[in-house]
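To start, the structure under review is shown below, and the notes come after it.
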Amino acid sequence: MAKKFTWKIWLLPNLMTKDVQNDSVADVSTAGNTKHNEDIAKAIKEEGSDLQLETIVDVLNRGDRWRRRYLLEGSSVQDGNIRLAPRVKGNWEGADPLFDPKEHKLTVDAIPTAELRKAIEEEVGIELLGKKTDGGAIIGLVTDITTGKTDGTITQGGNIIITGEKIKIAPIDAYRTMGVFYIAADGTVWQDYSPLVLNDPKRIITRVPNLPEATFRLEIRTQYSHGATLLKAPRTIIYELPLNVVVSP
């Protein structure tokens, strides 16, 4: 039976399974297709709502604010699609354990409701776009050396390991235009100019700048191709997972 909707997916190398060759993980393509409250409000208005567009946006924004407030209070929040629940990640050891910001992280789990799961199962099909490459260049995983975590958290001023394919920074004497960059939500660009601890085609170890506690997009800009061969112009390799900076106490 034909599905009503289609998710387009790319295949990325699965760098978590080092003993298995040529296995992949799926990445749903959402580039340029993120919806915001304004888009939802316009859709509601086009459905025939008598409310003013500005009123609909205001109600949606107020709903966001109250969902956020309830989560901060420690309540779970559920709407027709998602159940949001507060959670503390990390292990607790000993007879009288204490909260340790280096070990424990406050976060929120998002769990689809039964209605959303049923709709996805019945109405969504898959279109495979192929393996996602940029001349074979890809960032597969970022590991925080301070914590050993690969969940998208990185420690301010600590070191990280970046693994992938064709990620070597070259030419190294152009390090201020090439290298590892962190892009904030407002477009601010950060780079650490410390010497790279390791700079190989499949593995980079570098220092995280003194970034504020916020979410960043990691990019590598390089002209590396293979061996001593350089591209005519730099290419930008983007890590798909947003990175959240934490400050080590």
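Chain lettering (A, B, ...) mirrors the order of the structure tokens, residue numbering begins at 1 for each chain separately, and ligand numbering begins at 1 in order of display.
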
Please report, as JSON lines, each residue of stretch 75-169 of chain A lying at most 12 Å from stretch 212-222 of chain A, together with the nearest pair of atoms and the separation in Å rounded to one decimal; use only C-alpha atoms, and order rows by chain and ascending residue number.
```
{"residue": "A:Ala137", "atom": "CA", "partner": "A:Ile220", "partner_atom": "CA", "distance": 10.1}
{"residue": "A:Ile138", "atom": "CA", "partner": "A:Ile220", "partner_atom": "CA", "distance": 9.5}
{"residue": "A:Ile139", "atom": "CA", "partner": "A:Ile220", "partner_atom": "CA", "distance": 8.4}
{"residue": "A:Gly140", "atom": "CA", "partner": "A:Leu218", "partner_atom": "CA", "distance": 11.7}
{"residue": "A:Leu141", "atom": "CA", "partner": "A:Leu218", "partner_atom": "CA", "distance": 11.0}
{"residue": "A:Val142", "atom": "CA", "partner": "A:Leu218", "partner_atom": "CA", "distance": 9.4}
{"residue": "A:Gly152", "atom": "CA", "partner": "A:Thr215", "partner_atom": "CA", "distance": 9.4}
{"residue": "A:Thr153", "atom": "CA", "partner": "A:Thr215", "partner_atom": "CA", "distance": 9.1}
{"residue": "A:Ile154", "atom": "CA", "partner": "A:Glu213", "partner_atom": "CA", "distance": 9.8}
{"residue": "A:Thr155", "atom": "CA", "partner": "A:Glu213", "partner_atom": "CA", "distance": 9.3}
{"residue": "A:Gln156", "atom": "CA", "partner": "A:Pro212", "partner_atom": "CA", "distance": 7.7}
{"residue": "A:Gly157", "atom": "CA", "partner": "A:Pro212", "partner_atom": "CA", "distance": 10.4}
{"residue": "A:Ile160", "atom": "CA", "partner": "A:Leu218", "partner_atom": "CA", "distance": 11.5}
{"residue": "A:Ile162", "atom": "CA", "partner": "A:Ile220", "partner_atom": "CA", "distance": 9.8}
{"residue": "A:Thr163", "atom": "CA", "partner": "A:Ile220", "partner_atom": "CA", "distance": 11.4}
{"residue": "A:Gly164", "atom": "CA", "partner": "A:Ile220", "partner_atom": "CA", "distance": 10.9}
{"residue": "A:Glu165", "atom": "CA", "partner": "A:Ile220", "partner_atom": "CA", "distance": 11.5}
{"residue": "A:Lys166", "atom": "CA", "partner": "A:Thr222", "partner_atom": "CA", "distance": 9.1}
{"residue": "A:Ile167", "atom": "CA", "partner": "A:Ile220", "partner_atom": "CA", "distance": 7.0}
{"residue": "A:Lys168", "atom": "CA", "partner": "A:Thr222", "partner_atom": "CA", "distance": 7.1}
{"residue": "A:Ile169", "atom": "CA", "partner": "A:Thr222", "partner_atom": "CA", "distance": 5.1}
```

- Message: Which of stretch 44-232 of chain A end up as strand (DSSP E) when DSSP is run on this backbone - answer as a PyMOL selection string?
- Response: chain A and resi 77-78+82-89+105-112+124-131+138-144+153-155+159-165+179-184+189-191+198-199+203-207+215-226+229-232

- Message: Let me make sure I understand: among A:Lys202, A:Lys232, A:Lys102, A:Arg207, which one has the smallest atom-to-atom distance to A:Val247 if we use only C-alpha atoms?
- Response: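 So, comparing all the options, the nearest one is A:Lys102.
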
- Task: Identify, on the basis of only C-alpha atoms, every residue whose closest approach to A:Asp100 does not exceed 12 Å; exclude the query and any residue fewer than 2 positions from it along the same chain; express the result as a list in words.
- Result: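 Skipping anything fewer than 2 positions along the chain leaves Val88, Lys89, Gly90, Asn91, Trp92, Glu93, Pro97, Leu98, Lys102, Glu103, His104, Lys105, Leu106, Ser248 and Pro249 of chain A.
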
- Identify all residues of stretch 38-86 of chain A in alpha helix (DSSP H) (DSSP on the backbone) and supply them as a ChimeraX atom specification. /A:38-47,53-72

- Nearest candidate to A:Pro234 (options A:Ala170, A:Val25, A:Val208, A:Ile40; using only C-alpha atoms):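 Of A:Ala170, A:Val25, A:Val208, A:Ile40, the one nearest A:Pro234, counting only C-alpha atoms, is A:Ala170.
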
- Go ahead and compute the interatomic distance for atom CA of A:Thr55 and atom CA of A:Asn81, in Å to one decimal.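 Between these atoms lies a distance of 22.3 Å.
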
- Task: Would you mind listing what lies within 12 Å of A:Ser75 as a ChimeraX atom specification, with only C-alpha atoms counted and same-chain residues fewer than 3 positions away left out?
- Result: /A:66-72,78,83-87,108

- Task: Figure out the distance between atom CA of A:Leu243 and atom CA of A:Asn159, please, to one decimal in Å.
- Result: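 Atom-to-atom, atom CA of A:Asn159 to atom CA of A:Leu243, that is 13.5 Å.
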
- In terms of only C-alpha atoms, the residue from A:Glu240, A:Glu123, A:Asp27, A:Asp200 at minimal distance from A:Thr6 is A:Glu123
